[in-house]
file work_21.pdb (PDB, C-alpha atoms)
ATOM      1  CA  MET A  16      -3.278  29.123  -2.309  1.00  0.00           C
ATOM      2  CA  SER A  17      -1.242  28.273  -5.352  1.00  0.00           C
ATOM      3  CA  ARG A  18      -2.523  25.264  -7.235  1.00  0.00           C
ATOM      4  CA  SER A  19      -0.092  25.477 -10.086  1.00  0.00           C
ATOM      5  CA  ASN A  20       1.632  22.330  -8.910  1.00  0.00           C
ATOM      6  CA  THR A  21      -1.544  20.281  -8.425  1.00  0.00           C
ATOM      7  CA  VAL A  22      -2.967  17.673 -10.783  1.00  0.00           C
ATOM      8  CA  PHE A  23      -6.621  16.758 -10.200  1.00  0.00           C
ATOM      9  CA  ILE A  24      -7.461  13.239 -11.313  1.00  0.00           C
ATOM     10  CA  GLY A  25     -10.756  12.682 -13.138  1.00  0.00           C
ATOM     11  CA  ARG A  26     -12.096  10.207 -15.663  1.00  0.00           C
ATOM     12  CA  LYS A  27      -9.604  10.631 -18.484  1.00  0.00           C
ATOM     13  CA  PRO A  28      -7.083   7.905 -19.326  1.00  0.00           C
ATOM     14  CA  VAL A  29      -4.224   7.424 -16.856  1.00  0.00           C
ATOM     15  CA  LEU A  30      -1.589   8.576 -19.340  1.00  0.00           C
ATOM     16  CA  ASN A  31      -3.180  12.028 -19.661  1.00  0.00           C
ATOM     17  CA  TYR A  32      -2.492  12.635 -15.967  1.00  0.00           C
ATOM     18  CA  VAL A  33       0.946  11.039 -16.177  1.00  0.00           C
ATOM     19  CA  LEU A  34       1.784  13.558 -18.896  1.00  0.00           C
ATOM     20  CA  ALA A  35       0.358  16.438 -16.831  1.00  0.00           C
ATOM     21  CA  CYS A  36       2.591  15.531 -13.859  1.00  0.00           C
ATOM     22  CA  MET A  37       5.673  15.048 -16.025  1.00  0.00           C
ATOM     23  CA  THR A  38       5.060  18.428 -17.667  1.00  0.00           C
ATOM     24  CA  LEU A  39       4.959  20.118 -14.249  1.00  0.00           C
ATOM     25  CA  PHE A  40       8.258  18.473 -13.262  1.00  0.00           C
ATOM     26  CA  LYS A  41       9.879  19.411 -16.580  1.00  0.00           C
ATOM     27  CA  SER A  42       8.703  23.014 -16.116  1.00  0.00           C
ATOM     28  CA  GLY A  43      10.787  23.204 -12.953  1.00  0.00           C
ATOM     29  CA  GLN A  44       8.383  22.169 -10.170  1.00  0.00           C
ATOM     30  CA  GLU A  45      10.129  20.130  -7.507  1.00  0.00           C
ATOM     31  CA  GLU A  46       6.933  19.012  -5.884  1.00  0.00           C
ATOM     32  CA  VAL A  47       3.702  17.882  -7.551  1.00  0.00           C
ATOM     33  CA  LEU A  48       0.490  17.154  -5.680  1.00  0.00           C
ATOM     34  CA  VAL A  49      -1.865  14.529  -7.125  1.00  0.00           C
ATOM     35  CA  LYS A  50      -5.429  14.892  -5.840  1.00  0.00           C
ATOM     36  CA  ALA A  51      -8.493  12.741  -6.429  1.00  0.00           C
ATOM     37  CA  ARG A  52     -11.813  11.876  -4.899  1.00  0.00           C
ATOM     38  CA  GLY A  53     -14.294   9.024  -5.036  1.00  0.00           C
ATOM     39  CA  ARG A  54     -13.743   6.370  -7.702  1.00  0.00           C
ATOM     40  CA  SER A  55     -10.822   8.358  -9.149  1.00  0.00           C
ATOM     41  CA  ILE A  56      -8.700   7.521  -6.101  1.00  0.00           C
ATOM     42  CA  SER A  57      -7.565   4.248  -7.697  1.00  0.00           C
ATOM     43  CA  THR A  58      -6.638   6.131 -10.879  1.00  0.00           C
ATOM     44  CA  ALA A  59      -4.514   8.531  -8.806  1.00  0.00           C
ATOM     45  CA  VAL A  60      -2.516   5.583  -7.450  1.00  0.00           C
ATOM     46  CA  ASP A  61      -2.194   4.179 -10.993  1.00  0.00           C
ATOM     47  CA  VAL A  62      -0.855   7.539 -12.227  1.00  0.00           C
ATOM     48  CA  VAL A  63       1.822   7.672  -9.522  1.00  0.00           C
ATOM     49  CA  GLU A  64       2.835   4.050 -10.080  1.00  0.00           C
ATOM     50  CA  VAL A  65       3.101   4.485 -13.861  1.00  0.00           C
ATOM     51  CA  ILE A  66       5.287   7.586 -13.455  1.00  0.00           C
ATOM     52  CA  ARG A  67       7.534   5.810 -10.978  1.00  0.00           C
ATOM     53  CA  ASN A  68       7.831   2.522 -12.851  1.00  0.00           C
ATOM     54  CA  ARG A  69       7.994   3.714 -16.428  1.00  0.00           C
ATOM     55  CA  PHE A  70       9.242   7.271 -16.585  1.00  0.00           C
ATOM     56  CA  MET A  71      10.915   8.557 -13.427  1.00  0.00           C
ATOM     57  CA  PRO A  72      12.510   5.792 -11.345  1.00  0.00           C
ATOM     58  CA  ASP A  73      13.954   8.435  -9.027  1.00  0.00           C
ATOM     59  CA  LEU A  74      10.521   9.837  -8.142  1.00  0.00           C
ATOM     60  CA  LYS A  75       9.870  10.042  -4.408  1.00  0.00           C
ATOM     61  CA  VAL A  76       6.403   9.464  -3.060  1.00  0.00           C
ATOM     62  CA  GLY A  77       6.005  11.658   0.012  1.00  0.00           C
ATOM     63  CA  ASP A  78       3.071  12.040   2.344  1.00  0.00           C
ATOM     64  CA  ILE A  79      -0.171  10.410   1.327  1.00  0.00           C
ATOM     65  CA  THR A  80      -3.198  11.827   3.095  1.00  0.00           C
ATOM     66  CA  ILE A  81      -6.803  10.719   2.937  1.00  0.00           C
ATOM     67  CA  GLY A  82      -9.915  12.578   3.994  1.00  0.00           C
ATOM     68  CA  THR A  83     -13.598  13.186   3.440  1.00  0.00           C
ATOM     69  CA  GLU A  84     -15.360  16.020   1.621  1.00  0.00           C
ATOM     70  CA  LYS A  85     -19.032  16.851   1.860  1.00  0.00           C
ATOM     71  CA  LEU A  86     -20.657  17.390  -1.517  1.00  0.00           C
ATOM     72  CA  THR A  87     -24.173  18.572  -2.208  1.00  0.00           C
ATOM     73  CA  SER A  88     -25.816  17.029  -5.218  1.00  0.00           C
ATOM     74  CA  SER A  89     -29.123  17.845  -6.858  1.00  0.00           C
ATOM     75  CA  ASP A  90     -29.905  14.107  -7.058  1.00  0.00           C
ATOM     76  CA  ARG A  91     -29.972  13.486  -3.327  1.00  0.00           C
ATOM     77  CA  PRO A  92     -31.236  15.436  -0.355  1.00  0.00           C
ATOM     78  CA  GLY A  93     -28.527  16.489   2.104  1.00  0.00           C
ATOM     79  CA  PRO A  94     -24.756  16.315   1.728  1.00  0.00           C
ATOM     80  CA  THR A  95     -22.946  13.239   0.410  1.00  0.00           C
ATOM     81  CA  ASN A  96     -19.604  12.211   1.831  1.00  0.00           C
ATOM     82  CA  VAL A  97     -16.865  11.510  -0.659  1.00  0.00           C
ATOM     83  CA  SER A  98     -13.390  10.204   0.159  1.00  0.00           C
ATOM     84  CA  THR A  99     -10.330  12.087  -1.038  1.00  0.00           C
ATOM     85  CA  ILE A 100      -6.633  11.381  -1.444  1.00  0.00           C
ATOM     86  CA  GLU A 101      -3.596  13.627  -1.840  1.00  0.00           C
ATOM     87  CA  ILE A 102      -0.256  12.193  -2.896  1.00  0.00           C
ATOM     88  CA  LYS A 103       2.836  14.371  -2.723  1.00  0.00           C
ATOM     89  CA  LEU A 104       5.521  13.632  -5.291  1.00  0.00           C
ATOM     90  CA  THR A 105       9.046  14.995  -5.231  1.00  0.00           C
ATOM     91  CA  HIS A 106      11.712  14.738  -7.822  1.00  0.00           C
TER      92      HIS A 106
ATOM     93  CA  MET B  28       4.041 -13.550   8.348  1.00  0.00           C
ATOM     94  CA  SER B  29       0.990 -13.085  10.493  1.00  0.00           C
ATOM     95  CA  ARG B  30      -1.963 -11.710   8.602  1.00  0.00           C
ATOM     96  CA  SER B  31      -4.419 -11.933  11.440  1.00  0.00           C
ATOM     97  CA  ASN B  32      -4.558  -8.150  11.657  1.00  0.00           C
ATOM     98  CA  THR B  33      -5.043  -7.550   7.925  1.00  0.00           C
ATOM     99  CA  VAL B  34      -8.303  -6.796   6.127  1.00  0.00           C
ATOM    100  CA  PHE B  35      -8.249  -7.302   2.349  1.00  0.00           C
ATOM    101  CA  ILE B  36     -10.717  -5.100   0.519  1.00  0.00           C
ATOM    102  CA  GLY B  37     -12.706  -6.635  -2.331  1.00  0.00           C
ATOM    103  CA  ARG B  38     -16.050  -6.009  -3.994  1.00  0.00           C
ATOM    104  CA  LYS B  39     -18.379  -6.372  -1.028  1.00  0.00           C
ATOM    105  CA  PRO B  40     -20.201  -3.372   0.446  1.00  0.00           C
ATOM    106  CA  VAL B  41     -18.058  -0.905   2.415  1.00  0.00           C
ATOM    107  CA  LEU B  42     -19.785  -1.688   5.716  1.00  0.00           C
ATOM    108  CA  ASN B  43     -18.716  -5.350   5.571  1.00  0.00           C
ATOM    109  CA  TYR B  44     -15.074  -4.255   5.727  1.00  0.00           C
ATOM    110  CA  VAL B  45     -15.811  -1.586   8.329  1.00  0.00           C
ATOM    111  CA  LEU B  46     -17.249  -4.331  10.516  1.00  0.00           C
ATOM    112  CA  ALA B  47     -14.229  -6.592   9.860  1.00  0.00           C
ATOM    113  CA  CYS B  48     -11.826  -3.845  11.001  1.00  0.00           C
ATOM    114  CA  MET B  49     -13.917  -2.966  14.054  1.00  0.00           C
ATOM    115  CA  THR B  50     -14.050  -6.645  15.034  1.00  0.00           C
ATOM    116  CA  LEU B  51     -10.245  -6.864  14.908  1.00  0.00           C
ATOM    117  CA  PHE B  52      -9.929  -3.789  17.125  1.00  0.00           C
ATOM    118  CA  LYS B  53     -12.512  -5.117  19.582  1.00  0.00           C
ATOM    119  CA  SER B  54     -10.673  -8.458  19.737  1.00  0.00           C
ATOM    120  CA  GLY B  55      -7.634  -6.623  21.099  1.00  0.00           C
ATOM    121  CA  GLN B  56      -5.597  -5.723  18.004  1.00  0.00           C
ATOM    122  CA  GLU B  57      -3.954  -2.334  18.360  1.00  0.00           C
ATOM    123  CA  GLU B  58      -3.000  -2.119  14.721  1.00  0.00           C
ATOM    124  CA  VAL B  59      -5.066  -3.091  11.684  1.00  0.00           C
ATOM    125  CA  LEU B  60      -3.745  -3.118   8.129  1.00  0.00           C
ATOM    126  CA  VAL B  61      -6.197  -2.395   5.302  1.00  0.00           C
ATOM    127  CA  LYS B  62      -4.980  -3.686   1.936  1.00  0.00           C
ATOM    128  CA  ALA B  63      -6.491  -3.339  -1.519  1.00  0.00           C
ATOM    129  CA  ARG B  64      -5.543  -3.413  -5.162  1.00  0.00           C
ATOM    130  CA  GLY B  65      -6.891  -2.077  -8.432  1.00  0.00           C
ATOM    131  CA  ARG B  66     -10.384  -0.584  -8.389  1.00  0.00           C
ATOM    132  CA  SER B  67     -10.815  -1.588  -4.734  1.00  0.00           C
ATOM    133  CA  ILE B  68      -8.316   1.077  -3.664  1.00  0.00           C
ATOM    134  CA  SER B  69     -11.066   3.703  -3.497  1.00  0.00           C
ATOM    135  CA  THR B  70     -13.179   1.352  -1.380  1.00  0.00           C
ATOM    136  CA  ALA B  71     -10.252   0.951   1.029  1.00  0.00           C
ATOM    137  CA  VAL B  72     -10.159   4.728   1.540  1.00  0.00           C
ATOM    138  CA  ASP B  73     -13.958   4.752   1.991  1.00  0.00           C
ATOM    139  CA  VAL B  74     -13.679   2.037   4.661  1.00  0.00           C
ATOM    140  CA  VAL B  75     -11.077   3.987   6.644  1.00  0.00           C
ATOM    141  CA  GLU B  76     -13.031   7.235   6.367  1.00  0.00           C
ATOM    142  CA  VAL B  77     -16.297   5.613   7.478  1.00  0.00           C
ATOM    143  CA  ILE B  78     -14.619   4.040  10.516  1.00  0.00           C
ATOM    144  CA  ARG B  79     -13.009   7.339  11.455  1.00  0.00           C
ATOM    145  CA  ASN B  80     -16.033   9.551  10.887  1.00  0.00           C
ATOM    146  CA  ARG B  81     -18.813   7.340  12.153  1.00  0.00           C
ATOM    147  CA  PHE B  82     -17.479   4.801  14.605  1.00  0.00           C
ATOM    148  CA  MET B  83     -14.033   5.539  15.998  1.00  0.00           C
ATOM    149  CA  PRO B  84     -13.209   9.262  16.054  1.00  0.00           C
ATOM    150  CA  ASP B  85      -9.968   8.475  17.910  1.00  0.00           C
ATOM    151  CA  LEU B  86      -8.691   6.219  15.105  1.00  0.00           C
ATOM    152  CA  LYS B  87      -5.222   7.132  13.889  1.00  0.00           C
ATOM    153  CA  VAL B  88      -4.321   6.686  10.251  1.00  0.00           C
ATOM    154  CA  GLY B  89      -0.646   5.810  10.105  1.00  0.00           C
ATOM    155  CA  ASP B  90       1.563   5.126   7.120  1.00  0.00           C
ATOM    156  CA  ILE B  91      -0.115   4.810   3.756  1.00  0.00           C
ATOM    157  CA  THR B  92       1.992   3.010   1.181  1.00  0.00           C
ATOM    158  CA  ILE B  93       1.295   2.421  -2.481  1.00  0.00           C
ATOM    159  CA  GLY B  94       2.931  -0.027  -4.856  1.00  0.00           C
ATOM    160  CA  THR B  95       2.572  -2.222  -7.903  1.00  0.00           C
ATOM    161  CA  GLU B  96       2.014  -5.974  -8.144  1.00  0.00           C
ATOM    162  CA  LYS B  97       2.446  -8.093 -11.235  1.00  0.00           C
ATOM    163  CA  LEU B  98      -0.463 -10.419 -11.878  1.00  0.00           C
ATOM    164  CA  THR B  99      -0.729 -13.102 -14.519  1.00  0.00           C
ATOM    165  CA  SER B 100      -4.147 -13.564 -15.993  1.00  0.00           C
ATOM    166  CA  SER B 101      -5.424 -16.191 -18.410  1.00  0.00           C
ATOM    167  CA  ASP B 102      -7.154 -13.437 -20.425  1.00  0.00           C
ATOM    168  CA  ARG B 103      -3.991 -11.605 -21.423  1.00  0.00           C
ATOM    169  CA  PRO B 104      -0.527 -12.655 -22.438  1.00  0.00           C
ATOM    170  CA  GLY B 105       2.228 -11.579 -20.063  1.00  0.00           C
ATOM    171  CA  PRO B 106       1.944 -10.035 -16.627  1.00  0.00           C
ATOM    172  CA  THR B 107      -0.442  -7.187 -15.832  1.00  0.00           C
ATOM    173  CA  ASN B 108       0.529  -4.442 -13.416  1.00  0.00           C
ATOM    174  CA  VAL B 109      -1.952  -3.641 -10.702  1.00  0.00           C
ATOM    175  CA  SER B 110      -1.634  -0.833  -8.157  1.00  0.00           C
ATOM    176  CA  THR B 111      -1.876  -1.595  -4.459  1.00  0.00           C
ATOM    177  CA  ILE B 112      -2.436   0.353  -1.273  1.00  0.00           C
ATOM    178  CA  GLU B 113      -1.794  -0.430   2.402  1.00  0.00           C
ATOM    179  CA  ILE B 114      -3.244   1.752   5.123  1.00  0.00           C
ATOM    180  CA  LYS B 115      -2.110   1.240   8.708  1.00  0.00           C
ATOM    181  CA  LEU B 116      -4.695   2.032  11.371  1.00  0.00           C
ATOM    182  CA  THR B 117      -3.980   2.348  15.078  1.00  0.00           C
ATOM    183  CA  HIS B 118      -6.401   2.722  17.891  1.00  0.00           C
TER     184      HIS B 118
END
call {"tool": "encode", "arguments": {"input": "work_21.pdb", "output": "structure tokens"}}
result
Amino acid sequence: MSRSNTVFIGRKPVLNYVLACMTLFKSGQEEVLVKARGRSISTAVDVVEVIRNRFMPDLKVGDITIGTEKLTSSDRPGPTNVSTIEIKLTH
Amino acid sequence: MSRSNTVFIGRKPVLNYVLACMTLFKSGQEEVLVKARGRSISTAVDVVEVIRNRFMPDLKVGDITIGTEKLTSSDRPGPTNVSTIEIKLTH
């Protein structure tokens, strides 16, 4: 599976991820996938909205899918469920 | 505009909103709209995932739309942009 067109959202400032997506588009990608889980889901939506409103008005937001991943953590016994989001962007 | 089938997500525990959605479905609604903005967006995804995984395996997640709203706050000059999400659920 190629992940060269995927941007994973974490705890850095929104503009870092905006720049990462823009760089992928400028490098010739026609489709960029923004992925996040847990509390970073809201940041993922912020990233997409900032790109669309400030930098690329012609950006198209395609399928948005949500899901659940099971994580195992050393802090808790058993798996923890964490929500995920994937937002497909095309240019 | 009727909002009787809409659940707005705020800062309460996830299960409060899960219960609100389930109550709407039990009262005969076939479609429930989950709306959130800002940091509550991740909670909205959690709510949908909990309903689907724990209570209603036959729940269908329909269109997910994201957007931006302008808010005016007394703390800051000028409008603030806040991201929004709407998740359509059908049963």
call {"tool": "closest_atom_pairs", "arguments": {"input": "work_21.pdb", "of": "chain B", "to": "chain A", "cutoff": "10 Å", "atoms": "all atoms listed in the file", "output": "JSON lines"}}
result
{"residue": "B:Ala63", "atom": "CA", "partner": "A:Ser57", "partner_atom": "CA", "distance": 9.8}
{"residue": "B:Arg64", "atom": "CA", "partner": "A:Ser57", "partner_atom": "CA", "distance": 8.3}
{"residue": "B:Gly65", "atom": "CA", "partner": "A:Ser57", "partner_atom": "CA", "distance": 6.4}
{"residue": "B:Arg66", "atom": "CA", "partner": "A:Ser57", "partner_atom": "CA", "distance": 5.6}
{"residue": "B:Ser67", "atom": "CA", "partner": "A:Ser57", "partner_atom": "CA", "distance": 7.3}
{"residue": "B:Ile68", "atom": "CA", "partner": "A:Ser57", "partner_atom": "CA", "distance": 5.2}
{"residue": "B:Ser69", "atom": "CA", "partner": "A:Ile56", "partner_atom": "CA", "distance": 5.2}
{"residue": "B:Thr70", "atom": "CA", "partner": "A:Arg54", "partner_atom": "CA", "distance": 8.1}
{"residue": "B:Ala71", "atom": "CA", "partner": "A:Ser57", "partner_atom": "CA", "distance": 9.7}
{"residue": "B:Val72", "atom": "CA", "partner": "A:Ser98", "partner_atom": "CA", "distance": 6.5}
{"residue": "B:Asp73", "atom": "CA", "partner": "A:Ser98", "partner_atom": "CA", "distance": 5.8}
{"residue": "B:Val74", "atom": "CA", "partner": "A:Ser98", "partner_atom": "CA", "distance": 9.3}
{"residue": "B:Val75", "atom": "CA", "partner": "A:Ile81", "partner_atom": "CA", "distance": 8.8}
{"residue": "B:Glu76", "atom": "CA", "partner": "A:Gly82", "partner_atom": "CA", "distance": 6.6}
{"residue": "B:Val77", "atom": "CA", "partner": "A:Thr83", "partner_atom": "CA", "distance": 9.0}
{"residue": "B:Arg79", "atom": "CA", "partner": "A:Gly82", "partner_atom": "CA", "distance": 9.6}
{"residue": "B:Asn80", "atom": "CA", "partner": "A:Thr83", "partner_atom": "CA", "distance": 8.6}
{"residue": "B:Val88", "atom": "CA", "partner": "A:Ile81", "partner_atom": "CA", "distance": 8.7}
{"residue": "B:Gly89", "atom": "CA", "partner": "A:Thr80", "partner_atom": "CA", "distance": 9.6}
{"residue": "B:Asp90", "atom": "CA", "partner": "A:Ile79", "partner_atom": "CA", "distance": 8.0}
{"residue": "B:Ile91", "atom": "CA", "partner": "A:Ile79", "partner_atom": "CA", "distance": 6.1}
{"residue": "B:Thr92", "atom": "CA", "partner": "A:Ile79", "partner_atom": "CA", "distance": 7.7}
{"residue": "B:Ile93", "atom": "CA", "partner": "A:Val60", "partner_atom": "CA", "distance": 7.0}
{"residue": "B:Gly94", "atom": "CA", "partner": "A:Glu64", "partner_atom": "CA", "distance": 6.6}
{"residue": "B:Thr95", "atom": "CA", "partner": "A:Glu64", "partner_atom": "CA", "distance": 6.6}
{"residue": "B:Asn108", "atom": "CA", "partner": "A:Val65", "partner_atom": "CA", "distance": 9.3}
{"residue": "B:Val109", "atom": "CA", "partner": "A:Asp61", "partner_atom": "CA", "distance": 7.8}
{"residue": "B:Ser110", "atom": "CA", "partner": "A:Asp61", "partner_atom": "CA", "distance": 5.8}
{"residue": "B:Thr111", "atom": "CA", "partner": "A:Val60", "partner_atom": "CA", "distance": 7.8}
{"residue": "B:Ile112", "atom": "CA", "partner": "A:Val60", "partner_atom": "CA", "distance": 8.1}
{"residue": "B:Ile114", "atom": "CA", "partner": "A:Ile81", "partner_atom": "CA", "distance": 9.9}
call {"tool": "resolve_selection", "arguments": {"input": "work_21.pdb", "expression": "the PyMOL selection byres ((chain A and resi 30-40) around 9)", "output": "PyMOL selection string"}}
result
chain A and resi 19-25+27-29+41-49+59+62-63+65-66+70-71+105-106
call {"tool": "atom_distance", "arguments": {"input": "work_21.pdb", "atom1": "CA of Lys62 in chain B", "atom2": "CA of Lys75 in chain A"}}
result
21.2 Å
call {"tool": "axis_aligned_box", "arguments": {"input": "work_21.pdb", "around": "range 62-76 of chain A", "padding_each_side": "3 Å", "output": "JSON"}}
result
{"center_x": 6.5, "center_y": 6.3, "center_z": -9.8, "size_x": 20.8, "size_y": 13.5, "size_z": 19.5}
call {"tool": "residues_around", "arguments": {"input": "work_21.pdb", "residues": "Thr107 in chain B", "least_positions_apart": "3", "cutoff": "10 Å", "atoms": "all atoms listed in the file", "output": "mmCIF file with C-alpha atoms, in the coordinates of the input"}}
result
data_model
loop_
_atom_site.group_PDB
_atom_site.id
_atom_site.type_symbol
_atom_site.label_atom_id
_atom_site.label_comp_id
_atom_site.auth_asym_id
_atom_site.auth_seq_id
_atom_site.Cartn_x
_atom_site.Cartn_y
_atom_site.Cartn_z
ATOM 1 C CA THR B 95 2.572 -2.222 -7.903
ATOM 2 C CA GLU B 96 2.014 -5.974 -8.144
ATOM 3 C CA LYS B 97 2.446 -8.093 -11.235
ATOM 4 C CA LEU B 98 -0.463 -10.419 -11.878
ATOM 5 C CA THR B 99 -0.729 -13.102 -14.519
ATOM 6 C CA SER B 100 -4.147 -13.564 -15.993
ATOM 7 C CA ARG B 103 -3.991 -11.605 -21.423
ATOM 8 C CA PRO B 104 -0.527 -12.655 -22.438
#
call {"tool": "atom_distance", "arguments": {"input": "work_21.pdb", "atom1": "CA of Asp73 in chain A", "atom2": "CA of Leu116 in chain B"}}
result
28.4 Å
call {"tool": "atom_distance", "arguments": {"input": "work_21.pdb", "atom1": "CA of Leu74 in chain A", "atom2": "CA of Lys103 in chain A"}}
result
10.4 Å
call {"tool": "decode", "arguments": {"input": "work_21.pdb", "residues": "range 29-102 of chain A", "atoms": "C-alpha atoms", "output": "short mmCIF file (atom, residue, chain, number, x, y, z; two decimals), in the first residue's frame"}}
result
data_model
loop_
_atom_site.label_atom_id
_atom_site.label_comp_id
_atom_site.auth_asym_id
_atom_site.auth_seq_id
_atom_site.Cartn_x
_atom_site.Cartn_y
_atom_site.Cartn_z
CA VAL A 29 -2.46 23.09 12.01
CA LEU A 30 -0.28 24.98 9.54
CA ASN A 31 2.40 22.27 9.58
CA TYR A 32 -0.14 19.81 8.16
CA VAL A 33 -1.55 22.40 5.77
CA LEU A 34 1.96 22.80 4.37
CA ALA A 35 2.44 19.02 4.15
CA CYS A 36 -0.75 18.65 2.08
CA MET A 37 0.08 21.59 -0.16
CA THR A 38 3.55 20.16 -0.77
CA LEU A 39 2.04 16.85 -1.89
CA PHE A 40 -0.29 18.65 -4.31
CA LYS A 41 2.55 20.80 -5.66
CA SER A 42 4.66 17.66 -6.17
CA GLY A 43 2.03 16.38 -8.59
CA GLN A 44 -0.33 14.31 -6.42
CA GLU A 45 -3.93 14.68 -7.53
CA GLU A 46 -5.34 13.08 -4.44
CA VAL A 47 -4.25 13.56 -0.83
CA LEU A 48 -5.60 11.54 2.08
CA VAL A 49 -5.76 13.22 5.50
CA LYS A 50 -5.92 10.71 8.36
CA ALA A 51 -6.32 11.24 12.09
CA ARG A 52 -7.48 9.49 15.20
CA GLY A 53 -8.76 10.44 18.63
CA ARG A 54 -8.50 14.09 19.63
CA SER A 55 -6.63 14.90 16.40
CA ILE A 56 -9.82 14.38 14.39
CA SER A 57 -10.86 18.01 14.97
CA THR A 58 -7.41 19.17 13.83
CA ALA A 59 -7.82 17.14 10.62
CA VAL A 60 -11.04 19.04 9.84
CA ASP A 61 -9.29 22.34 10.66
CA VAL A 62 -6.45 21.46 8.25
CA VAL A 63 -8.87 20.75 5.39
CA GLU A 64 -10.89 23.90 6.07
CA VAL A 65 -7.79 26.11 6.21
CA ILE A 66 -6.51 24.71 2.90
CA ARG A 67 -9.88 25.23 1.25
CA ASN A 68 -10.57 28.70 2.63
CA ARG A 69 -7.13 30.25 2.52
CA PHE A 70 -4.98 28.52 -0.06
CA MET A 71 -6.85 26.35 -2.56
CA PRO A 72 -10.43 27.50 -3.15
CA ASP A 73 -10.77 24.89 -5.89
CA LEU A 74 -9.99 22.00 -3.52
CA LYS A 75 -12.59 19.24 -3.58
CA VAL A 76 -13.40 17.35 -0.42
CA GLY A 77 -14.29 13.80 -1.43
CA ASP A 78 -15.33 10.87 0.70
CA ILE A 79 -15.05 11.26 4.43
CA THR A 80 -15.00 7.97 6.30
CA ILE A 81 -14.98 7.33 10.02
CA GLY A 82 -14.10 4.17 11.88
CA THR A 83 -12.69 2.62 15.02
CA GLU A 84 -9.23 1.19 15.70
CA LYS A 85 -8.29 -1.01 18.61
CA LEU A 86 -5.11 0.11 20.35
CA THR A 87 -3.26 -1.66 23.12
CA SER A 88 -1.68 0.59 25.68
CA SER A 89 0.63 -0.26 28.55
CA ASP A 90 -1.45 2.00 30.84
CA ARG A 91 -4.66 0.02 30.60
CA PRO A 92 -5.48 -3.66 30.49
CA GLY A 93 -7.13 -4.81 27.25
CA PRO A 94 -7.58 -2.91 23.99
CA THR A 95 -8.81 0.68 23.84
CA ASN A 96 -11.09 1.82 21.06
CA VAL A 97 -10.09 4.98 19.26
CA SER A 98 -12.11 6.74 16.56
CA THR A 99 -10.52 7.51 13.21
CA ILE A 100 -11.27 9.74 10.24
CA GLU A 101 -10.06 9.76 6.64
CA ILE A 102 -10.71 12.73 4.40
#
